[in-house]
Each structure stands twice: as C-alpha cells, then as structure tokens.
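Structure, as structure tokens:
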Amino acid sequence: MNPSNISPSGTARDASLALCILGDSDLRLFGKRLPERIAVQFARAGLTQRLSADEARNHTGPVIAVRADAVLDQPLVTGLMQTPNLVLLASEGDVPVAAHVTADQLPALQAAMLGGSLPNLQGVVARKPSQLDVSFWKALRKRETPYALVVTPATADTIAWRVFMGTYKGATDLVTKHVWPRPAFVVTQFLAARGVTPNMVTSVAAIATVAAFFLFLQGQFGWGLLAAWLMTFLDTVDGKLARTTLTSSKWGDVFDHGIDLVHPPFWYVAWAAGLPAWGLGLDVAQFWWLTGIILGGYVLQRVMEGISIKWLGLEIHIWRRIDTFFRQITARRNPNLILLSIGWLVGRPDWGLVAVAAWTAICLVLHGLQLAQGLAAKRKAGGKLSSWMAQA
C-alpha cells in the first residue's frame, strides 16, 4: 500500500471520487430537503461516497463539493463528475455553487463558496452552466441551458417552478406542452409534500383509462372524455412527480409507458362501438374502415418511430425543428382526444371519429416522408443523423 494513502491515524484513505455537501439547509423542494436532493442526484448518477468537510480533509482523491442550499439540473451532476478542476457558478450572478477539485483545495474552496466569492485555486476554472457543453439532454429530447441556483425562502417558489419545467420533454404534444404545466405543477407540489408516489398516481390513471373505455363503449362520451382527460393529466403528473422527487424507477417507467402504448386503440374501438347509443351507429363496412385506418395508422406510426431509432440513431421527432413541431399535433392520443371532444361538443361524435381517422391517415403519410428523408440524409452523410437540439 502506498504510504501516501495512510492517514495520520494509520487508517487507509480512499482515493476515489467523493461528494462533500458544504453547510446545511432546511429548505425543501418537492418534499425533500436540499442536501438530501443533492445526495440522491449524485447517488443516482453513480457517486455514492459522501464525506463531511472534516472527513474530506483526509481524503486523497478528488472531491465534488456542493453548497447545501443549491439546486442543480441533472445534466450538471454528470458534467461535474466528468470534469475535474471546475468551479460551477450559479446561473445568475457569480456565486460558486459546486466544484470538482482535489481534497487539499477544499478548505479554500469552502471558505470562498460559503462566503459567496470566487475561489482563487491554481489550475481550476470557473464556468457558468451556459459555458459548459451540457445543453442537449437526450433522455428528455430537449435542448436548454441547465440551471444551477441558490435557493432562499424568497426564491423557493420560483425555483420550484423552474425545476418542474426542467422535467418536461422538448418534443411532446401541444396539450402536454401548453395546457397541463401550471395545473400539473400545483398538483405535483401537493402530492410531493404528502409523500404520494408516482406509481400511486399511475394506478389512478390506469383506473381512469379503464373507466373511459367502458364509458365510451356505452356511448357516455361526455363522462368518458372526462375520464380520458383526467388520465392524460395524471399521465403528465406521474412523470413530473417522479422526476421532481427523484423517485423514477424502471418499473414505474414500464408501468407508465405500457399503459400509454396499449390503451389508445381500445378507446377508439369503444368510441365506434358506442355510437349507436346516439343513433349514429356505423354499418359493418364503415366500422372496419374507420377503426382499421385508426388502428393500422397508430401501429404503423409506432413502427416507423422504432425504425427511426434503430436505423437513424435518433427519434424522428427530434431530427429537425419541423419534426419537433409536428410532434405537437401528430395523430397521437391527446391531439386525437381534441378531435373527439369537438365532435362530442357539436353533437356529432361520429364526425370526431372520422376526423381522427382522416388525421391519422395524413400523419401516416407525413411520417413516411419523414422516415424516407431521414434514410436518404443518413446515406448522404454516411452515418447516423444528429438532432438539431444537439447542435450548438
């Protein structure tokens, strides 16, 4: 054993990367104290070794130091772990909020960080999030500058909103993107403070999904739409609750996305079967044509999206800006629910179903063109395509 790895007390010292949270804070975001959030974020990124400031003095390896009252966007956690000799400054102002340094630099860093001043450390550079190459977050299909903020009682609500919005995907439908954020934020905060888990929310959403199916089947379109829209709202809340409380799991992801993938075809068939209750029953040919177009188009679009991921190396909806815009209105559940809702509101739910079939057929053609263009661009480029979000 190298003598330099023996502490004065004779105890072996660890030379691996460690986390040191400086100071303390009782402020909470989405049910968790800020120091706890920091520790969980780094643990989920693979850094589980945590030291106090005193313990870090005997540490021979590098240290990531974070202010206890800081909140970091997840891409910055990974960025800090991968970038030695870095002091991360807050998004606003020049306050140091985190750093990746050696243990011997920690005392000077701690004094400067808790005092709100820039540390003078040889070989260490200070950078804001906007100066780091971590703006593209592939998992959420978006490009935006991640945040690094210091939380105070006066700014806690504003920062909570920023954290919440940071969990949104960059490519999603128009209802999720423009209608649900504010009410979902209120509900997510309420549930997080009471320890409600994302899987509990998903379970309620599953009940609403089944209820909508049977209500549609009976021609109770108004109540069915209420259950369906409740399901789509809870589908937003469970994902945001998982990300803001740092409790996302593989099972939760499978549970949530499994429901999302399976239920829409059942809703459309039930809607068609419920039309006779309105005196608008379809004949056999009409029933199979409409449901065949909707279901066939739904399956084929999903297949095309899978082909895009497999052959193009990215989701088709994040390739170009126009593709990301098209994702807002493409024939998926929420845009289709808008068409069904309009049909019900004007007293012609059959028109709503026809509109869904027509829009599905149009979107299927557009998806085919997207995929063909992507394959042609890949051959021309001689490799995988890159998303417009990943381009500086």
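Naming scheme: A, B, ... for chains in displayed order of the structure tokens; residues 1 onward per chain; ligands 1 onward as shown.
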
Would you list the contacts of stretch 329-333 of chain A as an mmCIF file with C-alpha atoms, in the first residue's frame, taking every protein, DNA or RNA residue within 8 Å and counting only C-alpha atoms, but skipping same-chain residues closer than 3 positions in sequence?
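Wrote it out as result.cif, contents follow:
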data_model
loop_
_atom_site.group_PDB
_atom_site.id
_atom_site.type_symbol
_atom_site.label_atom_id
_atom_site.label_comp_id
_atom_site.auth_asym_id
_atom_site.auth_seq_id
_atom_site.Cartn_x
_atom_site.Cartn_y
_atom_site.Cartn_z
ATOM 1 C CA ASP A 173 -47.913 17.112 -27.825
ATOM 2 C CA LEU A 174 -49.485 20.557 -27.594
ATOM 3 C CA PRO A 264 -55.445 4.339 -27.280
ATOM 4 C CA TYR A 298 -51.357 4.032 -34.993
ATOM 5 C CA PHE A 325 -43.182 20.974 -34.132
ATOM 6 C CA PHE A 326 -45.017 18.161 -35.915
ATOM 7 C CA ASN A 336 -56.941 12.831 -31.207
ATOM 8 C CA LEU A 337 -58.837 13.470 -27.963
ATOM 9 C CA VAL A 356 -59.346 11.059 -36.106
ATOM 10 C CA TRP A 359 -55.828 12.913 -39.430
ATOM 11 C CA THR A 360 -54.225 9.523 -38.717
ATOM 12 C CA CYS A 363 -49.952 11.809 -40.358
#

(request) Taking the chain letters and numbering used in this document, name the residues of stretch 114-263 of chain A that DSSP puts in helix (DSSP H, G or I), as a ChimeraX atom specification. (result) /A:114-115,129-131,138-140,156-165,174-178,181-193,198-217,221-244,250-263

(request) Tell me which protein, DNA and RNA residues are within 8 Å of A:Leu314, counting only C-alpha atoms, leaving out same-chain ones fewer than 3 positions away, and put them as a PyMOL selection string. (result) chain A and resi 308-310+318-319+385-387

(request) Could you tell me how far atom CA of A:Ser248 lies from atom CA of A:Pro198, in Å and to one decimal? (result)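 So the two atoms, atom CA of A:Ser248 and atom CA of A:Pro198, lie 7.7 Å apart.
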
(message) Neighbouring residues of A:Met304 were defined as those with any atom within 10 Å, considering only C-alpha atoms; residues of the same chain fewer than 4 positions away were excluded. Please report them as JSON, numbers by chain.
(response) {"A": [299, 300, 308, 309, 310, 315, 316, 364, 367, 368, 370, 371]}

Write the residues of the preceding selection, restricted to C-alpha atoms, as an mmCIF file, in the first residue's frame.
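Listing of selection-v1.cif after writing:
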data_model
loop_
_atom_site.group_PDB
_atom_site.id
_atom_site.type_symbol
_atom_site.label_atom_id
_atom_site.label_comp_id
_atom_site.auth_asym_id
_atom_site.auth_seq_id
_atom_site.Cartn_x
_atom_site.Cartn_y
_atom_site.Cartn_z
ATOM 1 C CA VAL A 299 -49.364 0.795 -35.192
ATOM 2 C CA LEU A 300 -47.506 1.779 -38.375
ATOM 3 C CA SER A 308 -36.021 5.668 -36.876
ATOM 4 C CA ILE A 309 -34.391 4.868 -33.542
ATOM 5 C CA LYS A 310 -32.871 1.648 -34.910
ATOM 6 C CA GLU A 315 -36.114 9.640 -32.549
ATOM 7 C CA ILE A 316 -37.606 11.083 -35.715
ATOM 8 C CA LEU A 364 -49.057 8.314 -41.535
ATOM 9 C CA HIS A 367 -44.315 10.065 -41.057
ATOM 10 C CA GLY A 368 -43.446 8.008 -44.127
ATOM 11 C CA GLN A 370 -40.012 11.931 -42.634
ATOM 12 C CA LEU A 371 -38.555 8.454 -42.476
#

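Proximity of A:Thr197, A:Ser341, A:Ser91, A:Thr209 to A:Leu246, computed with only C-alpha atoms, is greatest for A:Thr197.
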
(message) Just want the 12 Å neighbourhood of stretch 228-232 of chain A, counted on only C-alpha atoms, with same-chain residues fewer than 5 positions away dropped. Output as a ChimeraX atom specification.
(response) /A:173,175-176,179-180,183-184,201-216,220-223,237-239,256,259-260,263-264,266-268,271,332-338,340-341

(request) Name the closest residue to A:Leu121 among the candidates A:Pro107, A:Gly343, A:Gly292, A:Pro349; distances are taken between atoms, counting only C-alpha atoms. (result) A:Pro107

(message) With distances taken over only C-alpha atoms, which residue among A:Leu29, A:Leu89, A:Val151, A:Val303 lies nearest A:Ala68?
(response)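 Checking each candidate against A:Ala68, we get A:Val151 as the closest.
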